[in-house]
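Below is one structure, written out as C-alpha cells; comments come after it.
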Number of protein chains: 2
Amino acid sequence: MSLLLKTQNSSHKSDFTVQTTLAGRGCFVASPVIFGDILFLSKTNSIHSDMFKDATRGQINKAMTAAHTAFATYKTKSGRERAAFLRAIADGIEALGDPLIETAMAETHLPKARLEGERGRTCFQLRQMADTLAEGSWCEATIDTALPDRQPLPRPDLRKMLVPMGTVVVFGSSNFPLAYSAAGVDTASALAAGCSVVVKAHPAHPQTSKMVADAIEKAIKKTKMPKGVYQHVFGASQKVGKTLVQHPLAAAVGFTGSFAGGKALFDLAAKRPVPIPVFSEMGSTNPVVILPKTLATDFEKTAAQLASSMTLGMGQFCTQPGLIFIENTEGGQKFIQSLAKEMGKIAPAMMLHAGICQSFNAKSQQVLTQNGVKLVGKAAKTANEGEATPSVATVAAAEFLKNPTLHQEVFGPFSLVVVSEDKAQTLEVLRHLEGQLTATLIGSEAEIGDNLDIAAALQNICGRLVFNGVPTGVEVANAMVHGGPFPATTDPRFTSVGPSAIKRWVRPVSFQNCPDAFLPEELKAANLLSIWRMVNGNWQK
Amino acid sequence: MSLLLKTQNSSHKSDFTVQTTLAGRGCFVASPVIFGDILFLSKTNSIHSDMFKDATRGQINKAMTAAHTAFATYKTKSGRERAAFLRAIADGIEALGDPLIETAMAETHLPKARLEGERGRTCFQLRQMADTLAEGSWCEATIDTALPDRQPLPRPDLRKMLVPMGTVVVFGSSNFPLAYSAAGVDTASALAAGCSVVVKAHPAHPQTSKMVADAIEKAIKKTKMPKGVYQHVFGASQKVGKTLVQHPLAAAVGFTGSFAGGKALFDLAAKRPVPIPVFSEMGSTNPVVILPKTLATDFEKTAAQLASSMTLGMGQFCTQPGLIFIENTEGGQKFIQSLAKEMGKIAPAMMLHAGICQSFNAKSQQVLTQNGVKLVGKAAKTANEGEATPSVATVAAAEFLKNPTLHQEVFGPFSLVVVSEDKAQTLEVLRHLEGQLTATLIGSEAEIGDNLDIAAALQNICGRLVFNGVPTGVEVANAMVHGGPFPATTDPRFTSVGPSAIKRWVRPVSFQNCPDAFLPEELKAANLLSIWRMVNGNWQK
C-alpha cells in the first residue's frame with residue numbers, strides 16, 4: 001500500500017513578515033513571536049521563547065549525549081517493539097487534531113487541505129515503516145552455514161544483517177512542515193532502523209515542529225522506549241547546524257532543503273576527524289521532454305497538466321518541473337501558447353515565507369534577463385507583497401547550452417521551455433544536464449519506441465523516470481526512488497522516500513561462528529520471526 | 001559456495017631493492033626494470049618501459065573517455081552476458097598458467113602456494129559474481145502495480161531496480177597482487193554491476209597486473225563486450241591517482257591500501273565539483289579479546305592460534321590481529337609467555353617490498369619506545385636486510401588508554417597485548433577503540449554469555465565479529481562483511497568482499513508508468529528471468 005499526498009494550489013494569504021538569513025528551502029528564519037495559540041512572526045528582533053533562540057552548544061551537547069545514551073538500549077529493541085513505537089507516534093500526531101493543522105497553516109501559509117493531506121502522508125510513512133519492520137526482509141538477513149569438511153580449509157558459519165549506525169541528525173524542511181520535519185520520513189526511517197534521532201526544527205515552523213516532538217515524547221513513554229531516543233532542538237543560525245553535524249556523537253545526517261545548505265552540511269561531515277554519511281536532498285529542475293508527434297495533437301492537454309504540476313503548492317516541491325524540452329514545431333509553438341494561457345489563469349499566492357518569495361523573485365528575474373530568454377506567460381492577477389507570480393518563459397536550446405544560469409533550480413512557480421531545432425539538439429542538451437530527482441518523458445508508446453535514446457539520456461541523470469505523467473506527486477511506496485545523482489542529492493545510492501529510506505542509516509555486520517544463543521533474532525537458526533533470508537545462496541522463509 | 005584463501009608464511013628471499021615514495025600498503029614504488037621474463041627492481045632511476053612510467057594526463061583522459069564511451073553499451077548487456085564475460089576473465093587468468101605465478105612471486109616476494117591460492121580466490125570471486133548475476137536478486141527488483149481507482153488519487157505503476165553508476169576507478173593493492181588488483185574484487189564487482197572500469201595498477205607488481213589486464217582484453221573480444229570497457233593504466237606518483245579521481249568521467253572509486261592513501265582519495269572525491277562515492281578499505285588493528293576463564297585453561301592453544309594468525313603472510317593482511325586484550329591473571333601471564341615462545345619459532349621473511357619493510361620497522365619501533373611498552377618475544381633468528389622480524393609486546397591498559405600511538409595499525413607481523421586490571425577496564429578500553437574491519441571474542445559459550453557487554457562493545461566498532469577464531473581468512477561469501485566504521489573504511493555501509501560488494505557501484509532508479517516494452521527485463525510484468533522480486537510488498541519469483 002502507498003498513499004499519495006493530495007495537494008492544492010495555495011490561495012492562503014497572510015500579512016506575517018518573516019526575515020531570513022539564507023535564501024531557499026533550507027533557509028533560516030529569525031524572530032517570530034507567539035500570540036495565543038497561533039504563531040505570528042514579529043517585525044522586531046525581540047525573542048520571546050526558547051523556540052526562537054538558537055540552541056546553545058551546551059544544549060546541543062546535552063541532546064546528542066542523551067540520544068547517544070538512549071541508542072545503546074534502543075538498538076536492542078525488537079522490530080516489533082520499534083514498530084509499536086512508530087505506530088504510537090502516528091496515533092499521537094492524529095490525536096493532536098485541528099490545532100496542529102491550524103498552527104502549521106499559520107506558520108507556513110499552506111492551505112488546510114494540503115496540510116491535512118500532509119498529515120495523512122506523515123502518519124502513513126510512520127505506519128509503513130512499522131509494516132516494513134514486521135515484514136523483516138529490509139535487514140538483509142544472510143546466512144552461509146559452516147562447511148567443516150571443506151578443503152583446503154573449513155568454512156566458518158557466517159551470518160550477516162543490517163544494524164543501526166547510531167544517532168542520526170535530521171534537519172527539518174521548510175516546505176513539508178510535517179512529512180519532512182519533526183516526525184517526517186528521515187525521523188521515521190532512522191527510528192525504524194534502530195537509530196536515535198536529534199531533529200533540528202526548521203525555524204519557519206518551530207511551533208508545528210514542537211507539537212509533533214511532544215507527541216513523540218508521549219509515544220516514548222507509552223511504548224516504554226528509552227528516554228532520550230528522540231531529541232528536538234531549535235535554531236535559526238548556521239552555527240546550530242554546524243555544531244550538530246560536527247558533534248562527535250553524530251553518526252549520520254539527513255537533510256532536505258537548498259543546495260547551499262545541503263552541500264555545506266556534506267562538506268562539514270566530510271571534513272570531520274571521523275567523516276559520516278550525509279544524505280542531503282537538494283532538489284532539481286526535473287526536466288520534462290515532450291516528443292513532437294504527441295505534441296502535435298496533445299499540446300493543449302499536456303500544457304494544462306504541466307501548468308498544474310508546475311504551480312502545485314506554488315511550485316514549492318522539489319519535484320516541480322522547472323525545465324520543459326520541446327522541438328521547434330507547429331505543435332511546439334501551440335504548446336507554448338497553451339501553457340502561457342494556463343499560466344494566466346493561476347492566481348498569485350503566498351509562498352512558505354518571505355525569504356523563499358524573495359529568492360524566487362530574484363532567481364526568476366535572473367533567468368528572465370539572460371540572453372534569449374523570453375517571458376511568454378504569467379498570472380493575469382497582480383501579486384500582493386509576499387505572493388509569487390506563476391510564470392513561464394522560453395529559450396532556444398543553443399542559448400540554454402551556453403548558459404549555466406539557465407540550468408539552475410528556481411524554487412517556485414516558474415518553468416523554462418527549452419526549444420530545440422531537432423532531436424539531435426535535444427539529445428545534446430539532455431547530455432549536458434546535471435543530476436535530477438526526476439525526469440519525465442511524454443509521448444505515445446510508438447513515439448517513445450522511436451526515441452529510446454532520449455529515454456536513456458533521461459534515465460542516466462535521474463532517480464525516477466516518469467512516463468506520460470508529471471513529476472510532482474511522490475508515492476510513499478517500496479518501488480519509489482526519491483533521490484538521484486548530484487546535485488539532486490549528495491549520494492545517488494539512496495532514497496529518502498519509501499521503506500528503502502531506512503538503508504541510509506544502517507550498516508552490515510557479519511557474525512562468524514557466533515553461538516546461536518547470542519545471535520540477533522533475525523539470524524538465529526530457527527527463523528522465529530519468519531522473515532525472508534538468503535541461506536546458502538537461496539531465499540527462504 | 002565460497003572459498004577461503006589458503007596462505008602460508010613467506011620464507012621467500014630476494015635481493016631486490018625497491019624504493020618507495022610513500023609508506024604503507026598503498027605505497028608507490030619507483031624505478032623497476034625488466035630482465036627477461038622476470039621483473040627486477042633496479043637501484044637506479046632509469047626507466048625502461050611504459051609500465052614503469054606515470055600515465056600522462058592525456059593517457060588518463062584517453063582511458064577514462066574510452067571507458068565512459070564503452071559504459072553506454074556495456075550497461076545494456078544482460079546479466080547473462082556480463083556473467084559470461086566474468087567467467088571468460090576467470091578462464092583467461094587460469095590459462096596464463098605458471099608464468100603469472102612466477103611473475104607475481106618475483107614482484108611481491110610472496111611464496112608460490114600463497115599466490116596459487118590467491119589466483120584461485122580471484123577466479124572464484126569472478127565466477128561467484130557471475131552466479132550472483134544469474135540468481136538476480138542483487139538488483140533489488142521492486143514493483144508496486146498501479147491502483148487506478150485509489151482515492152483521493154490513483155497510484156501509478158512504479159518499478160525500481162539498481163542500475164550501474166558509470167566508470168569506476170579501481171586502485172590495485174600491493175598485498176593482494178591478484179585478488180585485489182587488476183581483476184580483483186573491485187573490478188569483478190564493478191563489471192558485474194554493469195560499470196566500466198579503469199584500474200591503476202599497483203606499482204609494486206605492474207607486470208602481474210598487465211598480464212591479468214591482457215587476459216581481460218582477450219575476454220572482452222571473446223565475449224564481444226564493448227571495446228574500452230576495461231582500461232589499465234600505470235603510475236607510481238600520487239599525481240596519477242589524483243588525476244583519475246578528479247576526472248569528470250569518474251563515477252566512483254574503489255581503493256584498498258594505506259590510511260594515508262585511502263583518506264587522500266576520499267578527500268579529493270568529496271571536493272570535486274560533483275562529489276563521487278569512494279570506498280577505501282584502509283585496514284585496522286582487528287582487536288582480539290580473550291576472556292579470563294578461557295585463558296586460564298586454553299592459554300597455550302590460543303597463543304599458538306594467534307601467533308599463526310598474526311604472522312600469516314608476514315602479517316601483511318588487513319585483518320592481522322594487531323591488538324590483543326586480556327586481563328592481568330595468572331592465565332594471562334602464561335598466555336603472554338606462550339605467545340612470546342611461539343614468536344621465537346617463526347622465521348623472519350621478506351615483506352612485499354622494501355618500503356613496507358621499512359615502514360614496519362619504523363612503526364613497530366615507534367610502539368616499542370612508548371611509555372610502558374615491553375617487548376616480550378620475537379623471532380629467534382636474526383633478520384636479513386628487507387626481512388621483517390615477527391614480534392610481540394605488552395602494555396598496561398591504563399597506558400594504552402592514554403596513548404593514541406598505540407592504537408595505530410602496524411602493518412606487518414607485530415602485535416601488542418593490552419593488559420587490563422579488570423573487566424571494567426577492558427570495557428573502557430574497547431569503548432575508546434576506533435572503527436575496525438574485524439573484532440574477535442575468544443571464550444567458552446558460558447563465559448561469553450556472562451560478557452555480552454564486551455561482545456556488544458566489539459560489535460559496535462566492527463564489520464565482522466568473530467567468535468573463537470582468528471580474524472585472518474576472509475571468506476568470499478554472501479554473508480561476509482569486509483568493511484567497517486571509519487577509519488577501517490570510508491563508508492561503513494558497504495563491503496568489499498562477497499557479492500554484496502556490487503552494491504557500492506549501483507544506484508536505484510524508479511520507472512513510473514513505463515510501458516512494459518521499454519522496461520528492463522528485470523522489471524517486466526512477465527518475470528522471464530525468474531528472479532526474486534518484491535511485488536506489492538510480497539517477495540515473488
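Chain lettering (A, B, ...) mirrors the order of the C-alpha cells, residue numbering begins at 1 for each chain separately, and ligand numbering begins at 1 in order of display.
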
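Omitting Gly463 in chain B and its sequence neighbours fewer than 6 positions away, and counting only C-alpha atoms, the residues within 7 Å are Pro508, Val509 and Ser510 of chain A; Gln436, Leu437, Thr438, Val481, His482, Gly483 and Gly484 of chain B.
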
Only N, CA, C and O atoms, please: the residues just picked out, written as a compact mmCIF listing (two decimals), in the first residue's frame.
# COMPACT_ATOMS: atom_id res chain seq x y z
N PRO A 508 26.08 -3.15 7.43
CA PRO A 508 26.06 -4.60 7.63
C PRO A 508 27.09 -5.02 8.68
O PRO A 508 28.17 -4.45 8.77
N VAL A 509 26.71 -6.02 9.47
CA VAL A 509 27.67 -6.68 10.38
C VAL A 509 27.58 -8.17 10.14
O VAL A 509 26.47 -8.72 10.00
N SER A 510 28.73 -8.83 10.07
CA SER A 510 28.78 -10.27 9.88
C SER A 510 29.22 -10.92 11.19
O SER A 510 30.18 -10.46 11.82
N GLN B 436 36.87 -0.73 13.04
CA GLN B 436 37.69 -1.89 12.69
C GLN B 436 37.01 -2.74 11.61
O GLN B 436 35.78 -2.80 11.55
N LEU B 437 37.82 -3.43 10.82
CA LEU B 437 37.26 -4.42 9.90
C LEU B 437 36.68 -5.59 10.69
O LEU B 437 35.60 -6.09 10.37
N THR B 438 37.44 -6.06 11.66
CA THR B 438 37.01 -7.22 12.44
C THR B 438 37.24 -6.97 13.91
O THR B 438 38.06 -6.12 14.30
N VAL B 481 31.16 -9.61 5.58
CA VAL B 481 31.33 -8.16 5.55
C VAL B 481 32.82 -7.88 5.70
O VAL B 481 33.41 -8.22 6.72
N HIS B 482 33.41 -7.35 4.65
CA HIS B 482 34.78 -6.86 4.75
C HIS B 482 34.67 -5.35 4.58
O HIS B 482 34.69 -4.81 3.47
N GLY B 483 34.47 -4.72 5.72
CA GLY B 483 34.22 -3.29 5.76
C GLY B 483 34.14 -2.93 7.23
O GLY B 483 34.49 -3.73 8.08
N GLY B 484 33.68 -1.74 7.53
CA GLY B 484 33.56 -1.37 8.94
C GLY B 484 33.65 0.13 9.10
O GLY B 484 33.97 0.86 8.17

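Any residue of chain B with an atom within 6 Å of chain A counts; using only C-alpha atoms, that gives Thr142, Ile143, Asp144, Leu158, Arg159, Lys160, Gly463, Arg464, Leu465, Val466, Phe467, Ala479, Met480, Val481, Pro492, Arg493, Arg507, Val509, Ser510, Phe511, Gln512, Asn513 and Cys514 of chain B.
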
Between A:Arg80, A:Ala183, A:Thr294, A:His407, which one has atoms that come closest to Val197 in chain A, using only C-alpha atoms?
A:Ala183

Non-local contacts of Ala388 in chain A (7 Å; only C-alpha atoms; under 2 positions in same chain excluded) as a ChimeraX atom specification:
/A:348-351,357,383,386,390

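For the pair CA of Gln59 in chain B and CA of Ala250 in chain B, the interatomic distance is 14.7 Å.
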
Can you pull out every residue within 12 Å of Ala362 in chain A, counting only C-alpha atoms, but drop anything in the same chain fewer than 3 positions away, and send it as a ChimeraX atom specification?
/A:23-24,355-359,365-369,388,410-412,414

Only C-alpha atoms, please: the residues just picked out, written as a PDB file, in the first residue's frame.
ATOM      1  CA  ALA A  23      17.581  32.074   0.803  1.00  0.00           C
ATOM      2  CA  GLY A  24      15.989  28.860  -0.446  1.00  0.00           C
ATOM      3  CA  GLY A 355      12.612  34.692   2.250  1.00  0.00           C
ATOM      4  CA  ILE A 356      11.540  31.996  -0.199  1.00  0.00           C
ATOM      5  CA  CYS A 357       9.437  34.527  -2.082  1.00  0.00           C
ATOM      6  CA  GLN A 358      12.306  37.000  -2.305  1.00  0.00           C
ATOM      7  CA  SER A 359      14.588  34.241  -3.516  1.00  0.00           C
ATOM      8  CA  GLN A 365      14.188  37.601 -12.672  1.00  0.00           C
ATOM      9  CA  GLN A 366      17.777  36.499 -13.121  1.00  0.00           C
ATOM     10  CA  VAL A 367      16.671  33.864 -15.638  1.00  0.00           C
ATOM     11  CA  LEU A 368      14.390  36.329 -17.448  1.00  0.00           C
ATOM     12  CA  THR A 369      17.248  38.763 -18.008  1.00  0.00           C
ATOM     13  CA  ALA A 388       4.643  34.705  -6.081  1.00  0.00           C
ATOM     14  CA  VAL A 410      14.220  28.294  -9.438  1.00  0.00           C
ATOM     15  CA  PHE A 411      12.269  27.145  -6.382  1.00  0.00           C
ATOM     16  CA  GLY A 412       8.711  28.272  -7.010  1.00  0.00           C
ATOM     17  CA  PHE A 414       8.369  29.193 -12.738  1.00  0.00           C
TER      18      PHE A 414
END
